[in-house]
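Trainee: To be precise about what I am sending: the file is called upload.cif and holds mmCIF, C-alpha atoms (C1' of nucleotides).
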data_final
#
loop_
_atom_site.label_atom_id
_atom_site.label_comp_id
_atom_site.auth_asym_id
_atom_site.auth_seq_id
_atom_site.Cartn_x
_atom_site.Cartn_y
_atom_site.Cartn_z
CA MET A 1 23.37 155.15 86.34
CA SER A 2 23.37 154.75 82.57
CA SER A 3 21.06 151.97 81.52
CA PRO A 4 23.15 150.56 78.66
CA ALA A 5 26.27 149.48 80.45
CA ARG A 6 25.00 150.42 83.88
CA ASP A 7 28.52 150.26 85.29
CA SER A 8 31.44 148.30 83.98
CA GLU A 9 33.73 149.97 86.48
CA PRO A 10 32.80 148.03 89.60
CA HIS A 11 33.12 144.72 87.83
CA ARG A 12 36.40 145.49 86.24
CA ARG A 13 37.81 146.58 89.53
CA THR A 14 36.51 143.54 91.36
CA ARG A 15 38.09 141.12 88.91
CA ARG A 16 41.38 142.93 88.65
CA ASP A 17 41.99 142.23 92.30
CA HIS A 18 42.00 138.47 92.16
CA ALA A 19 45.74 138.29 91.64
CA SER A 20 46.56 140.54 94.57
CA GLU A 21 44.06 138.79 96.80
CA THR A 22 46.27 135.73 96.75
CA ALA A 23 49.28 137.85 97.56
CA GLU A 24 47.51 139.41 100.50
CA ASP A 25 46.28 136.12 101.88
CA TYR A 26 49.70 134.54 101.63
CA VAL A 27 51.63 137.44 103.04
CA GLU A 28 49.27 137.64 105.98
CA ALA A 29 49.48 133.90 106.57
CA VAL A 30 53.27 133.95 106.46
CA ALA A 31 53.34 136.75 109.01
CA GLU A 32 51.03 134.89 111.34
CA LEU A 33 52.85 131.61 111.02
CA ILE A 34 56.18 133.22 111.73
CA ALA A 35 54.67 134.95 114.75
CA ALA A 36 53.12 131.72 115.97
CA ARG A 37 55.92 129.25 115.38
CA SER A 38 58.93 131.35 114.46
CA ALA A 39 59.14 129.82 110.99
CA CYS A 40 56.86 129.40 108.02
CA ARG A 41 57.24 126.33 105.85
CA VAL A 42 55.55 125.31 102.64
CA THR A 43 53.64 122.61 104.46
CA ASP A 44 52.28 125.10 106.97
CA LEU A 45 50.82 127.21 104.21
CA ALA A 46 49.43 124.18 102.43
CA LYS A 47 47.59 123.15 105.59
CA ARG A 48 46.45 126.67 106.26
CA PHE A 49 44.88 127.15 102.84
CA GLY A 50 43.81 123.58 102.33
CA VAL A 51 45.72 123.19 99.06
CA SER A 52 48.59 120.97 97.97
CA HIS A 53 52.17 121.88 98.67
CA VAL A 54 52.72 122.19 94.94
CA THR A 55 50.29 125.04 94.64
CA VAL A 56 51.91 126.78 97.57
CA ASN A 57 55.29 126.31 96.00
CA ARG A 58 54.34 128.04 92.80
CA ILE A 59 52.57 130.90 94.50
CA VAL A 60 55.48 131.46 96.86
CA ALA A 61 57.78 131.58 93.84
CA ARG A 62 55.57 134.17 92.20
CA LEU A 63 55.39 136.31 95.31
CA GLN A 64 59.13 136.07 95.70
CA GLY A 65 59.39 137.41 92.17
CA GLU A 66 57.12 140.25 93.20
CA GLY A 67 59.39 141.10 96.09
CA LEU A 68 56.98 140.16 98.86
CA LEU A 69 58.49 136.92 100.11
CA ALA A 70 62.01 135.59 100.44
CA THR A 71 63.02 131.97 100.48
CA ALA A 72 65.62 129.51 99.27
CA PRO A 73 65.32 125.84 98.30
CA TYR A 74 64.39 123.74 101.33
CA GLN A 75 64.47 126.83 103.50
CA PRO A 76 61.72 128.50 105.50
CA ILE A 77 59.81 131.41 104.01
CA SER A 78 60.23 134.93 105.28
CA LEU A 79 58.79 138.33 104.46
CA THR A 80 60.63 141.14 102.76
CA ALA A 81 60.18 144.67 104.08
CA LYS A 82 57.58 145.20 101.40
CA GLY A 83 55.88 141.98 102.40
CA LYS A 84 55.83 142.97 106.04
CA ARG A 85 54.22 146.26 105.19
CA LEU A 86 51.53 144.58 103.14
CA ALA A 87 50.95 141.98 105.83
CA ALA A 88 50.48 144.64 108.47
CA LYS A 89 48.00 146.51 106.31
CA CYS A 90 46.04 143.32 105.59
CA LYS A 91 46.00 142.25 109.19
CA GLN A 92 44.65 145.59 110.24
CA ARG A 93 41.98 145.58 107.57
CA HIS A 94 41.04 142.02 108.41
CA GLU A 95 40.66 142.88 112.06
CA ILE A 96 38.46 145.85 111.32
CA VAL A 97 36.12 143.82 109.16
CA TYR A 98 36.04 140.96 111.65
CA ARG A 99 35.32 143.19 114.61
CA PHE A 100 32.68 145.05 112.70
CA LEU A 101 30.87 141.82 111.91
CA LEU A 102 31.04 140.82 115.57
CA SER A 103 29.74 144.22 116.58
CA ILE A 104 26.60 143.82 114.51
CA GLY A 105 25.90 140.48 116.15
CA ILE A 106 27.46 137.90 113.86
CA ASP A 107 28.85 134.86 115.64
CA GLU A 108 32.60 134.31 115.66
CA ALA A 109 32.70 131.38 113.25
CA THR A 110 30.55 133.10 110.65
CA ALA A 111 32.37 136.39 111.10
CA ALA A 112 35.67 134.64 110.51
CA ILE A 113 34.48 133.10 107.27
CA ASP A 114 32.80 136.23 105.98
CA ALA A 115 35.71 138.45 106.93
CA GLU A 116 38.06 136.31 104.85
CA GLY A 117 35.87 136.73 101.83
CA ILE A 118 34.93 140.34 102.33
CA GLU A 119 38.17 141.97 103.38
CA HIS A 120 39.63 142.17 99.91
CA HIS A 121 36.65 144.03 98.55
CA VAL A 122 36.18 146.75 101.10
CA SER A 123 37.20 150.21 99.97
CA PRO A 124 39.12 152.49 102.33
CA LYS A 125 36.01 154.61 102.73
CA THR A 126 33.85 151.71 103.80
CA LEU A 127 36.60 150.36 105.99
CA ARG A 128 36.82 153.61 107.87
CA ARG A 129 33.08 153.60 108.33
CA PHE A 130 33.22 150.05 109.67
CA GLU A 131 35.81 151.17 112.16
CA GLU A 132 33.74 154.10 113.32
CA LEU A 133 30.64 151.98 113.74
CA THR A 134 32.35 149.21 115.68
CA ASP A 135 32.51 151.21 118.89
CA MET B 136 40.86 128.74 116.58
CA SER B 137 43.54 126.07 116.72
CA SER B 138 46.91 127.69 116.35
CA PRO B 139 48.49 125.26 113.87
CA ALA B 140 46.16 125.69 110.95
CA ARG B 141 44.08 128.40 112.60
CA ASP B 142 41.35 127.84 110.05
CA SER B 143 41.68 126.37 106.61
CA GLU B 144 37.92 126.33 106.30
CA PRO B 145 37.28 130.01 105.59
CA HIS B 146 39.97 130.13 102.95
CA ARG B 147 38.88 127.01 101.22
CA ARG B 148 35.33 128.24 101.09
CA THR B 149 36.34 131.63 99.81
CA ARG B 150 38.35 130.18 96.98
CA ARG B 151 35.84 127.51 96.09
CA ASP B 152 33.40 130.25 95.23
CA HIS B 153 35.39 131.90 92.49
CA ALA B 154 33.83 129.75 89.81
CA SER B 155 30.28 130.40 90.90
CA GLU B 156 30.92 134.09 91.32
CA THR B 157 31.27 134.40 87.60
CA ALA B 158 28.07 132.46 87.11
CA GLU B 159 26.24 134.72 89.51
CA ASP B 160 27.53 137.91 87.94
CA TYR B 161 26.63 136.78 84.46
CA VAL B 162 23.21 135.45 85.32
CA GLU B 163 22.36 138.66 87.10
CA ALA B 164 23.65 140.75 84.21
CA VAL B 165 21.66 138.76 81.68
CA ALA B 166 18.51 139.24 83.71
CA GLU B 167 19.06 142.97 83.95
CA LEU B 168 19.86 143.38 80.30
CA ILE B 169 16.80 141.46 79.26
CA ALA B 170 14.70 143.57 81.59
CA ALA B 171 16.26 146.77 80.28
CA ARG B 172 16.33 146.13 76.55
CA SER B 173 14.35 142.94 76.04
CA ALA B 174 17.36 141.07 74.75
CA CYS B 175 20.85 140.25 75.94
CA ARG B 176 23.63 139.96 73.39
CA VAL B 177 27.25 138.96 73.75
CA THR B 178 28.33 142.51 73.10
CA ASP B 179 26.13 143.85 75.86
CA LEU B 180 27.79 141.57 78.36
CA ALA B 181 31.25 142.41 77.04
CA LYS B 182 30.55 146.12 77.60
CA ARG B 183 29.00 145.48 80.96
CA PHE B 184 31.96 143.57 82.32
CA GLY B 185 34.63 145.42 80.42
CA VAL B 186 36.04 142.30 78.78
CA SER B 187 36.34 141.14 75.19
CA HIS B 188 33.46 139.40 73.45
CA VAL B 189 35.59 136.29 73.24
CA THR B 190 35.74 135.95 76.99
CA VAL B 191 32.01 136.44 77.21
CA ASN B 192 31.50 133.81 74.56
CA ARG B 193 33.38 131.15 76.42
CA ILE B 194 31.78 131.91 79.76
CA VAL B 195 28.32 131.88 78.23
CA ALA B 196 29.11 128.51 76.70
CA ARG B 197 30.17 127.18 80.06
CA LEU B 198 27.09 128.51 81.80
CA GLN B 199 24.92 127.02 79.11
CA GLY B 200 26.58 123.72 79.84
CA GLU B 201 25.72 124.23 83.50
CA GLY B 202 22.11 124.78 82.62
CA LEU B 203 21.94 128.43 83.61
CA LEU B 204 21.81 130.13 80.24
CA ALA B 205 20.32 129.24 76.87
CA THR B 206 21.49 130.50 73.51
CA ALA B 207 22.12 129.48 69.91
CA PRO B 208 24.71 130.70 67.42
CA TYR B 209 24.15 134.36 66.58
CA GLN B 210 21.11 134.42 68.82
CA PRO B 211 20.41 136.43 71.95
CA ILE B 212 21.08 134.93 75.36
CA SER B 213 18.26 133.95 77.66
CA LEU B 214 17.96 132.47 81.13
CA THR B 215 16.78 128.99 81.93
CA ALA B 216 14.41 128.48 84.82
CA LYS B 217 17.41 127.59 86.94
CA GLY B 218 19.18 130.70 85.73
CA LYS B 219 16.21 132.89 86.57
CA ARG B 220 16.06 131.51 90.05
CA LEU B 221 19.75 132.17 90.61
CA ALA B 222 19.45 135.65 89.13
CA ALA B 223 16.60 136.53 91.43
CA LYS B 224 18.51 135.32 94.45
CA CYS B 225 21.60 137.29 93.44
CA LYS B 226 19.68 140.44 92.70
CA GLN B 227 18.05 140.30 96.07
CA ARG B 228 21.31 139.69 97.85
CA HIS B 229 22.99 142.46 95.90
CA GLU B 230 20.25 144.90 96.82
CA ILE B 231 20.50 144.04 100.48
CA VAL B 232 24.24 144.59 100.57
CA TYR B 233 23.99 147.78 98.55
CA ARG B 234 21.24 149.25 100.71
CA PHE B 235 23.06 148.28 103.85
CA LEU B 236 26.15 150.13 102.72
CA LEU B 237 24.06 153.18 101.91
CA SER B 238 22.38 152.96 105.29
CA ILE B 239 25.67 153.20 107.13
CA GLY B 240 26.56 156.31 105.19
CA ILE B 241 28.58 155.10 102.21
CA ASP B 242 28.11 157.15 99.06
CA GLU B 243 26.35 155.57 96.10
CA ALA B 244 29.39 155.16 93.87
CA THR B 245 31.47 153.51 96.57
CA ALA B 246 28.57 151.38 97.72
CA ALA B 247 28.05 150.14 94.17
CA ILE B 248 31.69 149.11 93.83
CA ASP B 249 31.94 147.52 97.26
CA ALA B 250 28.62 145.71 96.90
CA GLU B 251 29.85 144.06 93.71
CA GLY B 252 32.88 142.75 95.47
CA ILE B 253 31.28 141.85 98.77
CA GLU B 254 28.01 140.24 97.75
CA HIS B 255 29.51 136.90 96.85
CA HIS B 256 31.11 136.48 100.24
CA VAL B 257 28.28 137.28 102.57
CA SER B 258 26.80 134.32 104.38
CA PRO B 259 23.04 134.00 104.74
CA LYS B 260 23.36 134.83 108.42
CA THR B 261 25.22 138.05 107.81
CA LEU B 262 22.91 138.93 104.97
CA ARG B 263 19.91 138.64 107.22
CA ARG B 264 21.60 140.84 109.77
CA PHE B 265 22.37 143.43 107.11
CA GLU B 266 18.73 143.41 106.16
CA GLU B 267 17.57 143.89 109.73
CA LEU B 268 19.98 146.73 110.31
CA THR B 269 19.10 148.61 107.15
CA ASP B 270 15.72 149.73 108.47
"C1'" DG C 271 19.24 142.23 46.11
"C1'" DC C 272 24.03 143.99 47.63
"C1'" DC C 273 27.42 145.88 50.54
"C1'" DG C 274 29.61 147.16 54.35
"C1'" DA C 275 29.56 147.64 59.35
"C1'" DA C 276 28.73 145.46 63.45
"C1'" DA C 277 28.12 141.28 65.87
"C1'" DT C 278 29.42 136.70 66.64
"C1'" DG C 279 32.31 132.65 66.32
"C1'" DT C 280 36.98 130.20 66.16
"C1'" DA C 281 42.02 129.48 66.70
"C1'" DG C 282 45.58 129.89 69.50
"C1'" DC C 283 48.40 132.20 73.05
"C1'" DG C 284 49.47 133.36 78.21
"C1'" DA C 285 48.74 133.68 83.27
"C1'" DT C 286 46.87 131.81 87.45
"C1'" DT C 287 45.53 128.17 90.42
"C1'" DG C 288 44.32 123.48 91.21
"C1'" DC C 289 45.85 118.46 91.02
"C1'" DT C 290 48.65 113.65 90.92
"C1'" DA C 291 52.83 111.30 90.37
"C1'" DC C 292 57.39 111.04 90.93
"C1'" DA C 293 62.16 112.74 92.33
"C1'" DT C 294 65.07 114.65 95.69
"C1'" DC C 295 66.60 116.65 99.96
"C1'" DT C 296 66.62 117.00 105.30
"C1'" DG C 297 66.65 115.64 109.59
"C1'" DT C 298 65.59 112.26 113.20
"C1'" DG C 299 66.22 107.88 115.36
"C1'" DC C 300 68.70 103.84 115.72
"C1'" DG D 301 76.69 106.62 109.66
"C1'" DC D 302 72.33 104.96 107.58
"C1'" DA D 303 67.80 104.39 106.68
"C1'" DC D 304 63.36 106.04 106.51
"C1'" DA D 305 59.68 109.46 107.09
"C1'" DG D 306 58.40 113.82 106.00
"C1'" DA D 307 59.20 118.01 103.61
"C1'" DT D 308 60.26 120.09 99.34
"C1'" DG D 309 60.96 120.37 94.39
"C1'" DT D 310 59.74 119.16 89.44
"C1'" DA D 311 56.96 117.45 85.46
"C1'" DG D 312 52.94 117.57 83.33
"C1'" DC D 313 47.92 117.69 83.20
"C1'" DA D 314 43.24 120.44 83.54
"C1'" DA D 315 40.03 124.41 84.24
"C1'" DT D 316 39.16 129.29 84.21
"C1'" DC D 317 39.64 133.80 82.46
"C1'" DG D 318 42.09 137.22 79.86
"C1'" DC D 319 43.78 138.66 75.04
"C1'" DT D 320 44.69 139.43 69.60
"C1'" DA D 321 43.92 138.04 65.05
"C1'" DC D 322 41.13 136.29 61.77
"C1'" DA D 323 36.72 134.11 59.80
"C1'" DT D 324 31.93 134.17 59.40
"C1'" DT D 325 27.16 135.68 59.95
"C1'" DT D 326 23.49 139.20 60.38
"C1'" DC D 327 21.27 143.21 59.44
"C1'" DG D 328 20.33 147.92 58.00
"C1'" DG D 329 20.76 151.27 54.24
"C1'" DC D 330 20.89 151.93 49.58
#
Go through the file and emit its structure as structure tokens.

Mentor:
Amino acid sequence: MSSPARDSEPHRRTRRDHASETAEDYVEAVAELIAARSACRVTDLAKRFGVSHVTVNRIVARLQGEGLLATAPYQPISLTAKGKRLAAKCKQRHEIVYRFLLSIGIDEATAAIDAEGIEHHVSPKTLRRFEELTD
Amino acid sequence: MSSPARDSEPHRRTRRDHASETAEDYVEAVAELIAARSACRVTDLAKRFGVSHVTVNRIVARLQGEGLLATAPYQPISLTAKGKRLAAKCKQRHEIVYRFLLSIGIDEATAAIDAEGIEHHVSPKTLRRFEELTD
DNA sequence: GCCGAAATGTAGCGATTGCTACATCTGTGC
DNA sequence: GCACAGATGTAGCAATCGCTACATTTCGGC
């Protein structure tokens, strides 16, 4: 568009999201871990994300403060209603991106990696288009 | 695939990239600004990314330390050979993603925003596929 | 040449996400 | 019931990216 700044909007929006990306990843992981093994522990998340349990601890505390997760000292982690809603939305979006990548011929391993990175940056419009094109 | 950790690889890779994403965005912006107005100043970058000049300052200093940018106090910012190479690669990748989004029917404004967010997370394999499918 | 506005630099703060090292709790096996 | 391994919590460090406030430099207009 304009040559001077070209477009500060896209960048600003992209960066803004970094905080919520973590929330989305964690909420989705908690949902999956609970579904898979009926309980989600700090260690599970640490393994899942490949970070130390300390990092998980702090992030879980933050997300609890944001009303997405619920937990108590030495207790498993669960999702609040708000967290469940977010997790469902993220799971759906993740699936759409993943299936779209498969549909255009990307192998499963690559699609899995790319979907993780891409999912947070796909607008509703593009997501809908992905869905339509997956058929 | 394994149920316990499912896949810590994708996540780790996604997060690892956050540092280099900034480098890529800045290098690309510097290249464009130099092309557009023959010089890139701190203020230009601040406007472009919608952040304060202080933030730009620190990031430029870091990228200079990484051998991507060159500058001197109160002087314009230029790209090193390494920086130019990275900028070219990023520009190309950005264009591919952007054109792909357009080709599947996304409007320009949305495609611009999504491309900014997505470009850093697209593997070479997927990128090549995007390119093939854009025709 | 001087002056003021704009650009740039510096100091110092906060949030987020990493880590290691160490402390504490839990639960299992004996 | 106890001890020990593993899980969890806490303290304190670093890097990155934001900011405001203030200091300094540069540059154009007079």

Trainee: Tell me which protein, DNA and RNA residues are within 10 Å of D:DA305, counting all atoms listed in the file, leaving out same-chain ones fewer than 2 positions away, and put them as a PDB file with C-alpha atoms (C1' of nucleotides), keeping the file's coordinate frame.

Mentor:
ATOM      1  C1'  DG C 297      66.650 115.640 109.590  1.00  0.00           C
ATOM      2  C1'  DT C 298      65.590 112.260 113.200  1.00  0.00           C
TER       3       DT C 298
ATOM      4  C1'  DA D 303      67.800 104.390 106.680  1.00  0.00           C
ATOM      5  C1'  DA D 307      59.200 118.010 103.610  1.00  0.00           C
TER       6       DA D 307
END

Trainee: Would you mind reading off the distance between atom CA of B:Gly202 and atom CA of B:Thr215, one decimal, in Å?

Mentor: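 Those two atoms sit 6.8 Å apart.
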
Trainee: Could you state the separation of atom C1' of D:DC313 and atom C1' of C:DA291 in Å, given to one decimal place?

Mentor: 10.8 Å

Trainee: Mind giving me the straight-line distance from atom C1' of D:DG309 to atom CA of A:Ala39 in Å, one decimal?

Mentor: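 Spanning atom C1' of D:DG309 to atom CA of A:Ala39 is a straight-line distance of 19.2 Å.
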
Trainee: Could you list the residues chosen by the PyMOL selection byres ((chain A) within 8 of (chain C)) in this structure as a ChimeraX atom specification?

Mentor: /A:19,51-52,55,74

Trainee: Give me the result of the PyMOL selection byres ((chain D) within 8 of (chain B)) on this file, residue by residue, as a PDB file with C-alpha atoms (C1' of nucleotides), in the coordinates of the input.

Mentor:
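Listed below is the output, result.pdb:
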ATOM      1  C1'  DT D 316      39.160 129.290  84.210  1.00  0.00           C
ATOM      2  C1'  DC D 317      39.640 133.800  82.460  1.00  0.00           C
ATOM      3  C1'  DG D 318      42.090 137.220  79.860  1.00  0.00           C
ATOM      4  C1'  DC D 319      43.780 138.660  75.040  1.00  0.00           C
ATOM      5  C1'  DT D 325      27.160 135.680  59.950  1.00  0.00           C
ATOM      6  C1'  DT D 326      23.490 139.200  60.380  1.00  0.00           C
TER       7       DT D 326
END

Trainee: Since the input is missing atoms for stretch 38-50 of chain A, could you rebuild it with N, CA and C atoms and give the result as an mmCIF file, in the coordinates of the input?

Mentor:
data_model
loop_
_atom_site.group_PDB
_atom_site.id
_atom_site.type_symbol
_atom_site.label_atom_id
_atom_site.label_comp_id
_atom_site.auth_asym_id
_atom_site.auth_seq_id
_atom_site.Cartn_x
_atom_site.Cartn_y
_atom_site.Cartn_z
ATOM 1 N N SER A 38 57.592 130.843 114.770
ATOM 2 C CA SER A 38 58.930 131.350 114.460
ATOM 3 C C SER A 38 59.448 130.958 113.069
ATOM 4 N N ALA A 39 58.731 130.124 112.355
ATOM 5 C CA ALA A 39 59.140 129.820 110.990
ATOM 6 C C ALA A 39 57.930 129.429 110.171
ATOM 7 N N CYS A 40 57.964 129.771 108.909
ATOM 8 C CA CYS A 40 56.860 129.400 108.020
ATOM 9 C C CYS A 40 57.392 128.485 106.941
ATOM 10 N N ARG A 41 56.809 127.294 106.855
ATOM 11 C CA ARG A 41 57.240 126.330 105.850
ATOM 12 C C ARG A 41 56.130 126.126 104.832
ATOM 13 N N VAL A 42 56.518 125.568 103.706
ATOM 14 C CA VAL A 42 55.550 125.310 102.640
ATOM 15 C C VAL A 42 54.375 124.489 103.160
ATOM 16 N N THR A 43 54.694 123.483 103.938
ATOM 17 C CA THR A 43 53.640 122.610 104.460
ATOM 18 C C THR A 43 52.650 123.365 105.335
ATOM 19 N N ASP A 44 53.166 124.306 106.115
ATOM 20 C CA ASP A 44 52.280 125.100 106.970
ATOM 21 C C ASP A 44 51.243 125.835 106.129
ATOM 22 N N LEU A 45 51.729 126.439 105.077
ATOM 23 C CA LEU A 45 50.820 127.210 104.210
ATOM 24 C C LEU A 45 49.826 126.287 103.516
ATOM 25 N N ALA A 46 50.316 125.128 103.105
ATOM 26 C CA ALA A 46 49.430 124.180 102.430
ATOM 27 C C ALA A 46 48.279 123.779 103.352
ATOM 28 N N LYS A 47 48.636 123.513 104.625
ATOM 29 C CA LYS A 47 47.590 123.150 105.590
ATOM 30 C C LYS A 47 46.651 124.320 105.808
ATOM 31 N N ARG A 48 47.220 125.472 105.964
ATOM 32 C CA ARG A 48 46.450 126.670 106.260
ATOM 33 C C ARG A 48 45.402 126.947 105.180
ATOM 34 N N PHE A 49 45.804 126.812 103.932
ATOM 35 C CA PHE A 49 44.880 127.150 102.840
ATOM 36 C C PHE A 49 44.127 125.943 102.307
ATOM 37 N N GLY A 50 44.505 124.772 102.797
ATOM 38 C CA GLY A 50 43.810 123.580 102.330
ATOM 39 C C GLY A 50 44.106 123.237 100.880
#
